[in-house]
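Undergrad: After the structure tokens below, expect a handful of questions from me.
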Amino acid sequence: MNGFFNVIKPSGMTASDVVVFVRRVLKEKKVGHLGTLDPLATGVLPVAVGKGTKLFNLLLNKRKTYLAFFTFGTETDTLDSDGQIVRQSETLVSAEQIKEACKLFLGKQIQIPPQYSAKKVNGSKAYDLARKGETVELKGREIEIFKFDFFRQKDEKTFVFEIECSSGTYIRSIVRDLAEKLNTVGYMSALIRTQSGPFSVLDGFTLDEIEKEKENLLVPVEFALNDLSDFIVDEKLYKKLCNGVKIQCEFDGYRKIFCGGEFFGVGKSEKGFLDLEFYLK
């Protein structure tokens, strides 16, 4: 069994919990998720099965899209609604102020992860140190925000945004930094991931549906690579391709490799020969 499940993760479960669930339901050992989603968050969590797990390195850097609920005037230690209140502010912000501040976040930038994150510090996860009361200096990493749109105002202090960003972006860090620009504090009160690479919330399935339908809901491996062009190897070279014999070819970047109507994996042209980096046959 090879491919992906487009899981709609429920709130309260970790991404690892979902993997354990899918592994148990399918009785498959090779199962893994593509991109962590906080326990509080819901929405798209692509789960790879079998040979789909070989594509982690290609798929982890896909763009992600979220509906994020930011509540201003209160900050928690975890920067979400699961944490303890650490700061409060009487400053009220308007939709117009927020819209202007959002423009400052577009493009590439260095983002500091939250103290409660899975980032490693001297071999320990930052959230483990934070729970012990230790404050650590986390290194920033480059991220990119492609879209940061004000969506609607939910109530006096809570606003909803649509955010499209690069992999590795912490939405909880965005609310922290946006609140600072607005001279207040804030936390992420809810989060829904609506898109992860080619996987959309509109095409996702609940865990109950997956448990009932199992492999009938499995998405082919090729689907996750829909942004790559195809490269067709002459059918006469089928046996050579199966046996790892170098095939002459010239093309740019990565391509999906097909031969004899079968999908072989992902490869690139290296010094005039096909280099199958992700062999899935």
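Ligands are numbered from 1 in the order shown, residues from 1 within each chain, and chains are lettered A, B, ... in the order they appear in the structure tokens.
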Write out as number ranges by chain the residues lying within 12 Å of Lys99 of chain A, counting only C-alpha atoms and excluding same-chain residues fewer than 2 positions away.

TA: A: 93-97, 101-106, 148-153, 159-162, 178, 181-182

Undergrad: Contacts of Asp203 of chain A at 12 Å or less, counting only C-alpha atoms, minus same-chain residues fewer than 5 places along, as a ChimeraX atom specification?

TA: /A:5-8,43-46,194-196,198,217-219

Undergrad: With only C-alpha atoms as the counted atoms, please give the residues lying no more than 12 Å from Val20 of chain A, apart from itself and same-chain residues fewer than 4 positions off, as a PyMOL selection string.

TA: chain A and resi 13-16+24-33+47+49+207

Undergrad: Applying 8 Å and only C-alpha atoms, which residues near segment 74-84 of chain A remain after dropping the ones on its own chain fewer than 4 positions away? List them as number ranges by chain.

TA: A: 40, 88-89, 114-116, 172-173, 175-176, 185-190

Undergrad: Can you tell me, as a ChimeraX atom specification, which residues in segment 72-204 of chain A count as helix (DSSP H, G or I) by DSSP?

TA: /A:95-105,126-131,171-181,201-203

Undergrad: Could you write out that same residue set with C-alpha atoms as a tab-separated table (two decimals), in the first residue's frame?

TA:
chain	number	residue	atom	x	y	z
A	95	ALA	CA	-9.30	46.36	11.67
A	96	GLU	CA	-7.68	49.23	9.77
A	97	GLN	CA	-4.60	49.20	12.02
A	98	ILE	CA	-4.31	45.46	11.56
A	99	LYS	CA	-4.63	45.62	7.77
A	100	GLU	CA	-1.76	48.11	7.59
A	101	ALA	CA	0.43	46.08	9.94
A	102	CYS	CA	-0.13	42.88	7.94
A	103	LYS	CA	1.61	44.46	4.94
A	104	LEU	CA	4.85	44.62	6.93
A	105	PHE	CA	5.04	40.82	7.12
A	126	ALA	CA	12.54	23.85	23.54
A	127	TYR	CA	9.09	23.04	24.94
A	128	ASP	CA	10.60	20.58	27.44
A	129	LEU	CA	12.95	23.29	28.70
A	130	ALA	CA	10.11	25.84	28.77
A	131	ARG	CA	8.01	23.52	30.94
A	171	ILE	CA	1.78	30.98	13.03
A	172	ARG	CA	2.09	31.49	16.81
A	173	SER	CA	5.20	33.57	16.19
A	174	ILE	CA	3.30	35.70	13.67
A	175	VAL	CA	0.65	36.66	16.23
A	176	ARG	CA	3.39	37.52	18.75
A	177	ASP	CA	5.19	39.75	16.24
A	178	LEU	CA	2.02	41.31	14.82
A	179	ALA	CA	0.84	42.22	18.33
A	180	GLU	CA	4.20	43.88	19.01
A	181	LYS	CA	3.79	46.03	15.88
A	201	VAL	CA	-9.18	20.73	3.14
A	202	LEU	CA	-11.99	20.46	0.56
A	203	ASP	CA	-10.73	17.00	-0.45

Undergrad: Return the single residue from A:Glu262, A:Glu215, A:Asp17, A:Glu164 that is closest to Ile145 of chain A, with distances computed using only C-alpha atoms.

TA: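 That would be A:Glu164, the residue with the smallest distance to Ile145 of chain A.
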
Undergrad: Find the spatial neighbours of Leu237 of chain A, counting only C-alpha atoms, within a cut-off of 12 Å - ignore same-chain residues fewer than 2 positions away - and output them as a PyMOL selection string.

TA: chain A and resi 232-235+239-248+258-260

Undergrad: The selected residues should be written to file as a compact mmCIF listing (two decimals), in the first residue's frame (atoms: C-alpha atoms).

TA:
# COMPACT_ATOMS: atom_id res chain seq x y z
CA ILE A 232 8.74 9.47 -20.43
CA VAL A 233 11.50 6.90 -20.84
CA ASP A 234 11.31 4.80 -24.00
CA GLU A 235 9.54 1.52 -23.26
CA LYS A 239 14.30 -3.59 -18.12
CA LYS A 240 17.41 -1.41 -17.95
CA LEU A 241 15.53 1.13 -15.85
CA CYS A 242 14.33 -1.63 -13.52
CA ASN A 243 17.87 -2.93 -13.15
CA GLY A 244 19.38 0.46 -12.35
CA VAL A 245 21.22 0.88 -15.66
CA LYS A 246 22.02 4.53 -16.41
CA ILE A 247 19.71 6.03 -19.05
CA GLN A 248 20.83 8.97 -21.20
CA PHE A 258 7.38 7.05 -16.37
CA CYS A 259 8.19 4.04 -18.51
CA GLY A 260 5.83 1.54 -20.07

Undergrad: Given only C-alpha atoms as the basis, pick out the residue of A:Phe223, A:Phe70, A:Phe273, A:Phe231 nearest to Asn2 of chain A.

TA: A:Phe223

Undergrad: With only C-alpha atoms as the counted atoms, please give the residues lying no more than 12 Å from Gln109 of chain A, apart from itself and same-chain residues fewer than 6 positions off, as a ChimeraX atom specification.

TA: /A:140-146,165-166,169,174,177

Undergrad: Out of segment 57-224 of chain A, which residues get strand (DSSP E or B) from DSSP, as a ChimeraX atom specification?

TA: /A:64-72,74-76,80,85-88,107-111,120-121,124-125,141-153,158-165,186-196,199-200,205,219

Undergrad: Nearest to Gln111 of chain A: which of A:Phe199, A:Tyr170, A:Phe264, A:Tyr66 is it, counting only C-alpha atoms?

TA: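 Smallest separation from Gln111 of chain A among the options: A:Tyr170.
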
Undergrad: Under the rule that only C-alpha atoms are counted, which of A:Phe4, A:Arg63, A:Pro10, A:Val22 is the nearest residue to Ser167 of chain A?

TA: A:Arg63

Undergrad: Select, from A:Lys147, A:Lys271, A:Arg255, A:Lys108, the residue with the minimum atom-to-atom distance to Glu222 of chain A, counting only C-alpha atoms.

TA: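 So, comparing all the options, the nearest one is A:Arg255.
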